[in-house]
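*Asks:* Dropping the structure in here first, questions after.
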Amino acid sequence: MKAAVLYQYGQPLVVEDVELDEPKAGEVLVKIGAAGICRSDRHFMHGDAHIRLPAVLGHEGAGTVERVGPGVTTTKPGDQVILSFVPACGRCQSCLEGRSNICDTHMATGPFMYDGTCRLHKGRQSLHHMGKVACFAEYAVVPETGCVPVPQKTPIPMDKAAMIGCCVPTGVGAALFSAKVRAGSTVAVVGCGGVGLNVIMGAKLANAGKIIAVDIRDGQLEFAMKFGATHMVNAADRDPVAQVKELTGGRGADYTFEVFGSAETVKAAYDMCGKSGIVTVVGIAPIGDEASINAVDLVRNEKTLRGTYYGSARSRVDMPTLVEMYLAGKLNLDDLVVRHYTLDQVNEAYDDMDRGEVGRGAIMFP
Ligand SMILES: NC(=O)c1ccc[n+]([C@@H]2O[C@H](COP(=O)([O-])OP(=O)(O)OC[C@H]3O[C@@H](n4cnc5c(N)ncnc54)[C@H](O)[C@@H]3O)[C@@H](O)[C@H]2O)c1
Ligand SMILES: [Zn+2]
Ligand SMILES: [Zn+2]
């Protein structure tokens, strides 16, 4: 089958033929339907984040179950499934405490299957599985626990299902589950790409009052208005902190979200947050980056600074709910996915993301 492999940081992905083993016990073979273009893969491509190389990237995906390994009971051939890049073991401390989004077993085994081996190979070389998903490929073998069946009898469009694999739970979850945005509050979102737009949708679902979109590109800002933003701040023209303060009567926002991934934007999100405010960091900054925070302001203004992984969502519980919300017209995923590519165009898709094309791109598989 064809897959997009990262061999070296700073190099484009190589789309080539690779081998995929049959699913072992507790594993599922999925025919990929769509895979989203998320910046988290880009960090690996740039070497801003590290993964065991070589690796098949792609972690925002959905498809159809082709075959199941021994002992699989929660899904069957023919099911439409959304893939979770944190398959939750259900047994570790984090899972038992209800935080399956940071499952200890998954974190410890990283880009390997639970048994510490890979199902992907190129000749004698093992290829690692990004997030145990590796959906920039025609097929994927994933743990059963990372395979979330769509409850509806009729499949939903694959590109929308794929979004529910990462940017939707991450963004909507950051607003609803991590920060728990209050009705009537003021929210500022720094970075309005695929994930940031979902934070905006989450803030709207929470009935936030003002939702301030902050980005360096007018195109993203105007696009963000479609998803519930009420105000725009262009951070390229003028200090975004001063602009958000102006829009909030000098107080700063009640909730701010960093959704790009840099020390500079983490600091901006922190500084534009007001008294008793909650700063939620979603973006993944380059390894080694440190953001400087005014330590006294943190205390005197009783601010909270927190990170969020996978929007604090519990995949197996929250993904089916997000599908229901999409079908009920509460999540605008139809406008979110704006560009479609083939797997051969994956590098082009990431160049488009870097150029600042609005909305989310998705690779579609025939
Ligand atoms: N925490 C998690 O679980 C999780 C999950 C998915 C993605 N992420 C991370 O979230 C971040 C966003 O991902 P994405 O796919 O939406 O990326 P994206 O490229 O689609 O969006 C990033 C946006 O930030 C804007 N931007 C760039 N510099 C800016 C600045 N200085 N000020 C304001 N805006 C700026 C860009 O114009 C773009 O619109 C990435 O770092 C990604 O790795 C985290
Ligand atoms: Zn992602
Ligand atoms: Zn676990």
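Residue names in the structure tokens use chain letters A, B, ... in the order shown, residue numbers from 1 in each chain, and ligand numbers from 1 in the order shown.
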List as a ChimeraX atom specification the protein and nucleic acid residues lying within 12 Å of ligand 3, with only C-alpha atoms and all ligand atoms counted.
*Replies:* /A:86-109,114,145-146,314
*Asks:* Store the residues of this selection in a file with N, CA and C atoms, as a CSV table (one decimal), in the first residue's frame.
*Replies:*
chain,number,residue,atom,x,y,z
A,86,VAL,N,-4.7,9.1,20.7
A,86,VAL,CA,-4.4,8.6,22.1
A,86,VAL,C,-5.3,7.4,22.4
A,87,PRO,N,-5.0,6.2,21.8
A,87,PRO,CA,-5.8,5.1,22.2
A,87,PRO,C,-5.6,4.9,23.7
A,88,ALA,N,-6.7,4.8,24.4
A,88,ALA,CA,-6.7,4.8,25.9
A,88,ALA,C,-6.8,3.3,26.4
A,89,CYS,N,-5.8,2.9,27.2
A,89,CYS,CA,-5.7,1.5,27.6
A,89,CYS,C,-6.8,1.2,28.6
A,90,GLY,N,-7.4,2.2,29.3
A,90,GLY,CA,-8.5,1.9,30.2
A,90,GLY,C,-8.0,1.4,31.5
A,91,ARG,N,-6.7,1.2,31.7
A,91,ARG,CA,-6.2,0.5,33.0
A,91,ARG,C,-5.2,1.3,33.7
A,92,CYS,N,-4.6,2.3,33.1
A,92,CYS,CA,-3.6,3.1,33.8
A,92,CYS,C,-4.2,4.1,34.7
A,93,GLN,N,-3.3,4.7,35.5
A,93,GLN,CA,-3.8,5.7,36.5
A,93,GLN,C,-4.6,6.8,35.8
A,94,SER,N,-4.0,7.4,34.7
A,94,SER,CA,-4.7,8.5,34.0
A,94,SER,C,-6.1,8.0,33.5
A,95,CYS,N,-6.1,6.9,32.9
A,95,CYS,CA,-7.4,6.4,32.4
A,95,CYS,C,-8.4,6.2,33.5
A,96,LEU,N,-7.9,5.6,34.6
A,96,LEU,CA,-8.8,5.3,35.7
A,96,LEU,C,-9.3,6.6,36.4
A,97,GLU,N,-8.5,7.7,36.3
A,97,GLU,CA,-9.0,8.9,36.8
A,97,GLU,C,-9.9,9.7,35.8
A,98,GLY,N,-10.2,9.1,34.7
A,98,GLY,CA,-11.1,9.8,33.7
A,98,GLY,C,-10.3,10.7,32.8
A,99,ARG,N,-9.0,10.6,32.7
A,99,ARG,CA,-8.3,11.4,31.8
A,99,ARG,C,-7.6,10.5,30.7
A,100,SER,N,-8.5,9.9,30.0
A,100,SER,CA,-7.9,8.9,29.0
A,100,SER,C,-7.2,9.7,27.9
A,101,ASN,N,-7.4,11.0,27.8
A,101,ASN,CA,-6.6,11.8,26.7
A,101,ASN,C,-5.1,11.8,27.0
A,102,ILE,N,-4.7,11.5,28.2
A,102,ILE,CA,-3.3,11.5,28.5
A,102,ILE,C,-2.9,10.1,29.0
A,103,CYS,N,-3.5,9.0,28.5
A,103,CYS,CA,-3.3,7.6,28.9
A,103,CYS,C,-1.8,7.4,29.0
A,104,ASP,N,-1.4,6.8,30.2
A,104,ASP,CA,0.0,6.6,30.5
A,104,ASP,C,0.6,5.5,29.6
A,105,THR,N,-0.2,4.5,29.3
A,105,THR,CA,0.3,3.4,28.5
A,105,THR,C,0.6,3.8,27.1
A,106,HIS,N,-0.3,4.7,26.5
A,106,HIS,CA,-0.1,5.2,25.2
A,106,HIS,C,1.2,6.1,25.2
A,107,MET,N,1.3,7.0,26.2
A,107,MET,CA,2.4,7.9,26.2
A,107,MET,C,3.7,7.1,26.3
A,108,ALA,N,3.7,6.0,27.1
A,108,ALA,CA,5.0,5.2,27.3
A,108,ALA,C,5.3,4.4,26.0
A,109,THR,N,4.4,4.1,25.2
A,109,THR,CA,4.7,3.2,24.0
A,109,THR,C,4.7,4.1,22.7
A,114,TYR,N,1.0,-1.3,21.3
A,114,TYR,CA,1.1,-1.5,22.7
A,114,TYR,C,2.2,-2.6,23.0
A,145,THR,N,-8.7,0.1,20.9
A,145,THR,CA,-9.0,1.2,21.8
A,145,THR,C,-8.9,2.6,21.1
A,146,GLY,N,-8.2,2.6,19.9
A,146,GLY,CA,-8.1,3.9,19.2
A,146,GLY,C,-9.0,4.0,18.1
A,314,ARG,N,-12.5,12.6,26.2
A,314,ARG,CA,-12.3,11.2,26.3
A,314,ARG,C,-12.9,10.6,25.0
*Asks:* Do you know which residues are within 7 Å of ligand 1 using only C-alpha atoms and all ligand atoms? Can you write them as a ChimeraX atom specification?
*Replies:* /A:37-40,43,166-167,170,190-196,214-217,220,235,259-261,264-265,282-285,308-311,353-354,356,359-360
*Asks:* If you measure from atom CA of Gly252 of chain A to atom CA of Ala269 of chain A, what distance in Å do you get, rounded to one decimal?
*Replies:*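 One can read the atom CA of Gly252 of chain A to atom CA of Ala269 of chain A distance as 10.0 Å.
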*Asks:* Write out as number ranges by chain all residues of segment 62-190 of chain A that DSSP puts in helix (DSSP H, G or I) for this structure's backbone.
*Replies:* A: 93-96, 100-102, 104-109, 130-132, 144-146, 158-163, 167-178
*Asks:* Would you mind exporting N, CA, C and O atoms of the selected residues as a short mmCIF file (atom, residue, chain, number, x, y, z; two decimals), in the first residue's frame?
*Replies:*
data_model
loop_
_atom_site.label_atom_id
_atom_site.label_comp_id
_atom_site.auth_asym_id
_atom_site.auth_seq_id
_atom_site.Cartn_x
_atom_site.Cartn_y
_atom_site.Cartn_z
N GLN A 93 -3.32 4.70 35.52
CA GLN A 93 -3.78 5.71 36.50
C GLN A 93 -4.59 6.82 35.81
O GLN A 93 -5.68 7.17 36.25
N SER A 94 -4.04 7.37 34.71
CA SER A 94 -4.73 8.50 34.04
C SER A 94 -6.09 8.05 33.51
O SER A 94 -7.09 8.76 33.67
N CYS A 95 -6.14 6.88 32.87
CA CYS A 95 -7.43 6.38 32.36
C CYS A 95 -8.41 6.18 33.51
O CYS A 95 -9.57 6.58 33.42
N LEU A 96 -7.93 5.58 34.61
CA LEU A 96 -8.83 5.30 35.74
C LEU A 96 -9.34 6.59 36.38
O LEU A 96 -10.43 6.63 36.93
N SER A 100 -8.46 9.87 29.97
CA SER A 100 -7.94 8.94 28.97
C SER A 100 -7.19 9.67 27.86
O SER A 100 -6.43 9.04 27.12
N ASN A 101 -7.36 11.00 27.76
CA ASN A 101 -6.64 11.76 26.73
C ASN A 101 -5.14 11.82 27.00
O ASN A 101 -4.37 12.18 26.12
N ILE A 102 -4.73 11.48 28.23
CA ILE A 102 -3.29 11.46 28.51
C ILE A 102 -2.89 10.08 29.04
O ILE A 102 -2.04 9.95 29.93
N ASP A 104 -1.37 6.84 30.19
CA ASP A 104 0.04 6.58 30.50
C ASP A 104 0.62 5.50 29.58
O ASP A 104 1.77 5.59 29.15
N THR A 105 -0.18 4.47 29.30
CA THR A 105 0.32 3.35 28.49
C THR A 105 0.61 3.83 27.07
O THR A 105 1.62 3.48 26.47
N HIS A 106 -0.30 4.66 26.54
CA HIS A 106 -0.06 5.19 25.19
C HIS A 106 1.18 6.07 25.18
O HIS A 106 2.03 5.95 24.30
N MET A 107 1.28 6.96 26.17
CA MET A 107 2.43 7.88 26.21
C MET A 107 3.74 7.08 26.30
O MET A 107 4.75 7.45 25.71
N ALA A 108 3.73 5.98 27.06
CA ALA A 108 4.95 5.19 27.25
C ALA A 108 5.34 4.42 26.00
O ALA A 108 6.51 4.14 25.78
N THR A 109 4.36 4.06 25.16
CA THR A 109 4.68 3.25 23.98
C THR A 109 4.75 4.09 22.70
O THR A 109 5.24 3.60 21.67
N MET A 130 2.69 7.34 13.73
CA MET A 130 2.38 8.57 14.48
C MET A 130 1.07 8.39 15.25
O MET A 130 0.03 8.08 14.68
N GLY A 131 1.16 8.57 16.56
CA GLY A 131 -0.02 8.50 17.42
C GLY A 131 -0.73 7.15 17.36
O GLY A 131 -1.92 7.07 17.66
N LYS A 132 0.00 6.11 16.95
CA LYS A 132 -0.61 4.78 16.72
C LYS A 132 -1.75 4.89 15.70
O LYS A 132 -2.66 4.07 15.68
N GLU A 144 -7.54 -1.51 18.97
CA GLU A 144 -9.01 -1.44 19.06
C GLU A 144 -9.43 -0.21 19.88
O GLU A 144 -10.42 0.45 19.55
N THR A 145 -8.66 0.09 20.92
CA THR A 145 -9.01 1.21 21.81
C THR A 145 -8.89 2.56 21.11
O THR A 145 -9.39 3.56 21.62
N GLY A 146 -8.21 2.59 19.95
CA GLY A 146 -8.07 3.86 19.23
C GLY A 146 -9.03 3.96 18.06
O GLY A 146 -8.89 4.82 17.20
N MET A 158 -16.47 11.27 5.11
CA MET A 158 -15.21 10.86 5.72
C MET A 158 -14.35 12.05 6.16
O MET A 158 -13.67 11.98 7.18
N ASP A 159 -14.37 13.15 5.39
CA ASP A 159 -13.52 14.28 5.78
C ASP A 159 -14.02 14.91 7.09
O ASP A 159 -13.22 15.32 7.94
N LYS A 160 -15.34 14.91 7.29
CA LYS A 160 -15.88 15.47 8.55
C LYS A 160 -15.54 14.53 9.71
O LYS A 160 -15.17 14.96 10.80
N ALA A 161 -15.66 13.22 9.43
CA ALA A 161 -15.32 12.23 10.47
C ALA A 161 -13.86 12.37 10.88
O ALA A 161 -13.52 12.31 12.07
N ALA A 162 -12.98 12.59 9.88
CA ALA A 162 -11.55 12.73 10.18
C ALA A 162 -11.30 13.92 11.12
O ALA A 162 -10.50 13.83 12.06
N MET A 163 -12.02 15.02 10.87
CA MET A 163 -11.84 16.22 11.72
C MET A 163 -12.16 15.90 13.18
O MET A 163 -11.57 16.46 14.10
N CYS A 167 -8.93 17.97 15.25
CA CYS A 167 -9.13 19.41 15.50
C CYS A 167 -10.44 19.71 16.22
O CYS A 167 -10.51 20.67 16.99
N VAL A 168 -11.46 18.88 16.01
CA VAL A 168 -12.75 19.16 16.66
C VAL A 168 -12.69 18.89 18.18
O VAL A 168 -12.93 19.79 18.98
N PRO A 169 -12.33 17.65 18.59
CA PRO A 169 -12.25 17.44 20.04
C PRO A 169 -11.20 18.35 20.69
O PRO A 169 -11.42 18.85 21.81
N THR A 170 -10.06 18.59 20.00
CA THR A 170 -9.02 19.43 20.59
C THR A 170 -9.54 20.85 20.82
O THR A 170 -9.39 21.42 21.91
N GLY A 171 -10.14 21.43 19.79
CA GLY A 171 -10.57 22.83 19.88
C GLY A 171 -11.85 23.00 20.69
O GLY A 171 -11.89 23.78 21.65
N VAL A 172 -12.88 22.27 20.32
CA VAL A 172 -14.16 22.38 21.04
C VAL A 172 -13.94 21.95 22.50
O VAL A 172 -14.42 22.59 23.44
N GLY A 173 -13.15 20.86 22.67
CA GLY A 173 -12.87 20.37 24.02
C GLY A 173 -12.08 21.38 24.85
O GLY A 173 -12.31 21.51 26.05
N ALA A 174 -11.14 22.08 24.22
CA ALA A 174 -10.35 23.08 24.97
C ALA A 174 -11.30 24.10 25.61
O ALA A 174 -11.12 24.50 26.77
N ALA A 175 -12.32 24.51 24.84
CA ALA A 175 -13.28 25.51 25.35
C ALA A 175 -14.24 24.90 26.36
O ALA A 175 -14.47 25.46 27.44
N LEU A 176 -14.81 23.72 26.02
CA LEU A 176 -15.88 23.16 26.87
C LEU A 176 -15.35 22.32 28.03
O LEU A 176 -15.86 22.43 29.14
N PHE A 177 -14.34 21.48 27.76
CA PHE A 177 -13.91 20.53 28.80
C PHE A 177 -12.72 21.04 29.60
O PHE A 177 -12.62 20.78 30.79
N SER A 178 -11.77 21.73 28.94
CA SER A 178 -10.57 22.17 29.66
C SER A 178 -10.87 23.49 30.38
O SER A 178 -10.85 23.56 31.60
#
*Asks:* To one decimal place in Å, what is the distance between atom CA of Val279 of chain A and atom CA of Leu298 of chain A?
*Replies:*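 Separation of atom CA of Val279 of chain A and atom CA of Leu298 of chain A: 10.6 Å.
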*Asks:* Counting only C-alpha atoms, what is within 9 Å of Gly61 of chain A, bar same-chain residues fewer than 5 positions away, as a list in words?
*Replies:* Ile32, Gly33, Ala34, Ala35, Gly36, Val81, Ile82, Leu83, Ser84, Phe85, Val133, Ala134, Cys135, Phe136, Met158, Asp159, Ala161, Ala162, Met163, Ile164, Gly165 and Cys166 of chain A
*Asks:* Would you mind exporting N, CA and C atoms of the selected residues as an mmCIF file, in the first residue's frame?
*Replies:*
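Written output follows (result_39.cif):
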data_model
loop_
_atom_site.group_PDB
_atom_site.id
_atom_site.type_symbol
_atom_site.label_atom_id
_atom_site.label_comp_id
_atom_site.auth_asym_id
_atom_site.auth_seq_id
_atom_site.Cartn_x
_atom_site.Cartn_y
_atom_site.Cartn_z
ATOM 1 N N ILE A 32 -8.377 3.649 5.175
ATOM 2 C CA ILE A 32 -8.515 5.084 5.474
ATOM 3 C C ILE A 32 -9.419 5.757 4.434
ATOM 4 N N GLY A 33 -10.335 6.597 4.931
ATOM 5 C CA GLY A 33 -11.236 7.341 4.048
ATOM 6 C C GLY A 33 -10.767 8.770 3.852
ATOM 7 N N ALA A 34 -10.296 9.389 4.951
ATOM 8 C CA ALA A 34 -9.806 10.773 4.875
ATOM 9 C C ALA A 34 -8.829 11.014 6.013
ATOM 10 N N ALA A 35 -7.891 11.943 5.759
ATOM 11 C CA ALA A 35 -6.895 12.299 6.780
ATOM 12 C C ALA A 35 -6.706 13.817 6.759
ATOM 13 N N GLY A 36 -6.779 14.431 7.913
ATOM 14 C CA GLY A 36 -6.709 15.896 8.006
ATOM 15 C C GLY A 36 -5.276 16.410 8.029
ATOM 16 N N VAL A 81 -15.215 4.275 11.315
ATOM 17 C CA VAL A 81 -14.541 4.566 12.590
ATOM 18 C C VAL A 81 -13.735 5.858 12.504
ATOM 19 N N ILE A 82 -13.682 6.534 13.640
ATOM 20 C CA ILE A 82 -12.820 7.706 13.807
ATOM 21 C C ILE A 82 -11.618 7.207 14.597
ATOM 22 N N LEU A 83 -10.424 7.638 14.195
ATOM 23 C CA LEU A 83 -9.211 7.143 14.855
ATOM 24 C C LEU A 83 -8.759 8.128 15.928
ATOM 25 N N SER A 84 -8.393 7.588 17.076
ATOM 26 C CA SER A 84 -7.933 8.430 18.180
ATOM 27 C C SER A 84 -6.416 8.341 18.257
ATOM 28 N N PHE A 85 -5.734 9.515 18.305
ATOM 29 C CA PHE A 85 -4.274 9.478 18.383
ATOM 30 C C PHE A 85 -3.783 9.268 19.812
ATOM 31 N N VAL A 133 -1.686 5.933 14.842
ATOM 32 C CA VAL A 133 -2.711 6.127 13.813
ATOM 33 C C VAL A 133 -2.076 5.968 12.430
ATOM 34 N N ALA A 134 -1.094 6.863 12.108
ATOM 35 C CA ALA A 134 -0.374 6.787 10.817
ATOM 36 C C ALA A 134 -1.351 6.712 9.642
ATOM 37 N N CYS A 135 -2.212 7.722 9.556
ATOM 38 C CA CYS A 135 -3.285 7.655 8.551
ATOM 39 C C CYS A 135 -2.942 8.367 7.242
ATOM 40 N N PHE A 136 -1.685 8.834 7.059
ATOM 41 C CA PHE A 136 -1.291 9.274 5.717
ATOM 42 C C PHE A 136 -0.888 8.007 4.950
ATOM 43 N N MET A 158 -16.474 11.267 5.112
ATOM 44 C CA MET A 158 -15.206 10.857 5.717
ATOM 45 C C MET A 158 -14.351 12.051 6.164
ATOM 46 N N ASP A 159 -14.372 13.153 5.391
ATOM 47 C CA ASP A 159 -13.521 14.280 5.780
ATOM 48 C C ASP A 159 -14.019 14.908 7.091
ATOM 49 N N ALA A 161 -15.657 13.217 9.433
ATOM 50 C CA ALA A 161 -15.320 12.229 10.471
ATOM 51 C C ALA A 161 -13.855 12.373 10.878
ATOM 52 N N ALA A 162 -12.977 12.587 9.878
ATOM 53 C CA ALA A 162 -11.551 12.728 10.182
ATOM 54 C C ALA A 162 -11.303 13.916 11.116
ATOM 55 N N MET A 163 -12.016 15.025 10.874
ATOM 56 C CA MET A 163 -11.838 16.218 11.720
ATOM 57 C C MET A 163 -12.165 15.896 13.181
ATOM 58 N N ILE A 164 -13.118 14.974 13.371
ATOM 59 C CA ILE A 164 -13.504 14.609 14.740
ATOM 60 C C ILE A 164 -12.417 13.746 15.384
ATOM 61 N N GLY A 165 -11.407 13.384 14.569
ATOM 62 C CA GLY A 165 -10.249 12.684 15.111
ATOM 63 C C GLY A 165 -9.230 13.591 15.770
ATOM 64 N N CYS A 166 -9.196 14.880 15.417
ATOM 65 C CA CYS A 166 -8.245 15.762 16.118
ATOM 66 C C CYS A 166 -8.774 17.171 16.336
#
*Asks:* Could you tell me which of A:Val148, A:Pro157, A:Asp41, A:Asn234 comes closest to Ser315 of chain A if we count only C-alpha atoms?
*Replies:* A:Val148
*Asks:* Got a sec: who's within 9 Å of Val181 of chain A, counting only C-alpha atoms, leaving out chain neighbours fewer than 5 positions off, as a list in words?
*Replies:*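 In the requested form, the answer reads Ala175, Leu176, Thr186, Val187, Gly202, Ala203, Ala206, Asn207, Ala208, Asp254 and Tyr255 of chain A.
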*Asks:* Save the residues we just selected, N, CA, C and O atoms, as an mmCIF file, in the first residue's frame?
*Replies:*
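Writing done, so here's selection-v8.cif:
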data_model
loop_
_atom_site.group_PDB
_atom_site.id
_atom_site.type_symbol
_atom_site.label_atom_id
_atom_site.label_comp_id
_atom_site.auth_asym_id
_atom_site.auth_seq_id
_atom_site.Cartn_x
_atom_site.Cartn_y
_atom_site.Cartn_z
ATOM 1 N N ALA A 175 -12.318 24.513 24.841
ATOM 2 C CA ALA A 175 -13.275 25.514 25.348
ATOM 3 C C ALA A 175 -14.241 24.905 26.364
ATOM 4 O O ALA A 175 -14.471 25.460 27.441
ATOM 5 N N LEU A 176 -14.809 23.718 26.018
ATOM 6 C CA LEU A 176 -15.879 23.165 26.866
ATOM 7 C C LEU A 176 -15.352 22.322 28.027
ATOM 8 O O LEU A 176 -15.864 22.428 29.144
ATOM 9 N N THR A 186 -15.931 36.718 28.036
ATOM 10 C CA THR A 186 -15.157 37.195 26.882
ATOM 11 C C THR A 186 -14.002 36.244 26.617
ATOM 12 O O THR A 186 -13.282 35.871 27.538
ATOM 13 N N VAL A 187 -13.865 35.865 25.358
ATOM 14 C CA VAL A 187 -12.872 34.851 24.969
ATOM 15 C C VAL A 187 -11.970 35.430 23.875
ATOM 16 O O VAL A 187 -12.465 36.109 22.974
ATOM 17 N N GLY A 202 -16.419 26.122 19.982
ATOM 18 C CA GLY A 202 -16.669 25.688 21.364
ATOM 19 C C GLY A 202 -17.110 26.855 22.228
ATOM 20 O O GLY A 202 -18.053 26.734 23.033
ATOM 21 N N ALA A 203 -16.448 28.001 22.056
ATOM 22 C CA ALA A 203 -16.810 29.193 22.843
ATOM 23 C C ALA A 203 -18.230 29.640 22.501
ATOM 24 O O ALA A 203 -19.006 30.048 23.368
ATOM 25 N N ALA A 206 -20.690 27.494 24.159
ATOM 26 C CA ALA A 206 -20.779 27.814 25.589
ATOM 27 C C ALA A 206 -21.472 29.156 25.812
ATOM 28 O O ALA A 206 -21.555 29.628 26.946
ATOM 29 N N ASN A 207 -21.936 29.771 24.729
ATOM 30 C CA ASN A 207 -22.627 31.065 24.825
ATOM 31 C C ASN A 207 -21.752 32.185 25.348
ATOM 32 O O ASN A 207 -22.207 33.040 26.116
ATOM 33 N N ALA A 208 -20.484 32.158 24.944
ATOM 34 C CA ALA A 208 -19.602 33.266 25.322
ATOM 35 C C ALA A 208 -20.179 34.559 24.750
ATOM 36 O O ALA A 208 -20.920 34.533 23.761
ATOM 37 N N ASP A 254 -11.655 37.033 29.684
ATOM 38 C CA ASP A 254 -11.859 36.054 30.776
ATOM 39 C C ASP A 254 -11.168 34.736 30.462
ATOM 40 O O ASP A 254 -10.674 34.058 31.355
ATOM 41 N N TYR A 255 -11.198 34.377 29.192
ATOM 42 C CA TYR A 255 -10.559 33.125 28.749
ATOM 43 C C TYR A 255 -9.723 33.439 27.522
ATOM 44 O O TYR A 255 -10.223 34.078 26.587
#
*Asks:* Show me, as a list in words, the residues that have an atom within 10 Å of Gly26 of chain A when counting only C-alpha atoms, minus same-chain residues fewer than 2 positions from it.
*Replies:*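 Neighbouring residues, sequence-local ones excluded: Pro23, Lys24, Val28, Val68, Gly69, Pro70, Gly71, Val72, Thr73, Thr74, Tyr114, Val142, Pro143, Glu144 and Thr145 of chain A.
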*Asks:* Grab the residues selected above and save them as a tab-separated table (two decimals), in the first residue's frame with C-alpha atoms.
*Replies:*
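out-v3.tsv, written as the output of this step:
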chain	number	residue	atom	x	y	z
A	23	PRO	CA	-3.73	-6.87	12.81
A	24	LYS	CA	-2.61	-8.81	15.90
A	28	VAL	CA	-7.95	-3.45	13.78
A	68	VAL	CA	-10.18	-7.27	13.05
A	69	GLY	CA	-7.56	-9.22	15.00
A	70	PRO	CA	-8.36	-11.88	17.63
A	71	GLY	CA	-10.36	-10.73	20.63
A	72	VAL	CA	-11.72	-7.49	19.14
A	73	THR	CA	-15.30	-6.96	20.32
A	74	THR	CA	-16.12	-3.24	20.04
A	114	TYR	CA	1.14	-1.54	22.70
A	142	VAL	CA	-4.56	0.57	15.05
A	143	PRO	CA	-5.33	-0.65	18.57
A	144	GLU	CA	-9.01	-1.44	19.06
A	145	THR	CA	-9.01	1.21	21.81
*Asks:* Any idea what the distance is between atom CA of Ile287 of chain A and atom CA of Leu127 of chain A?
*Replies:*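 Between atom CA of Ile287 of chain A and atom CA of Leu127 of chain A the gap is 22.7 Å.
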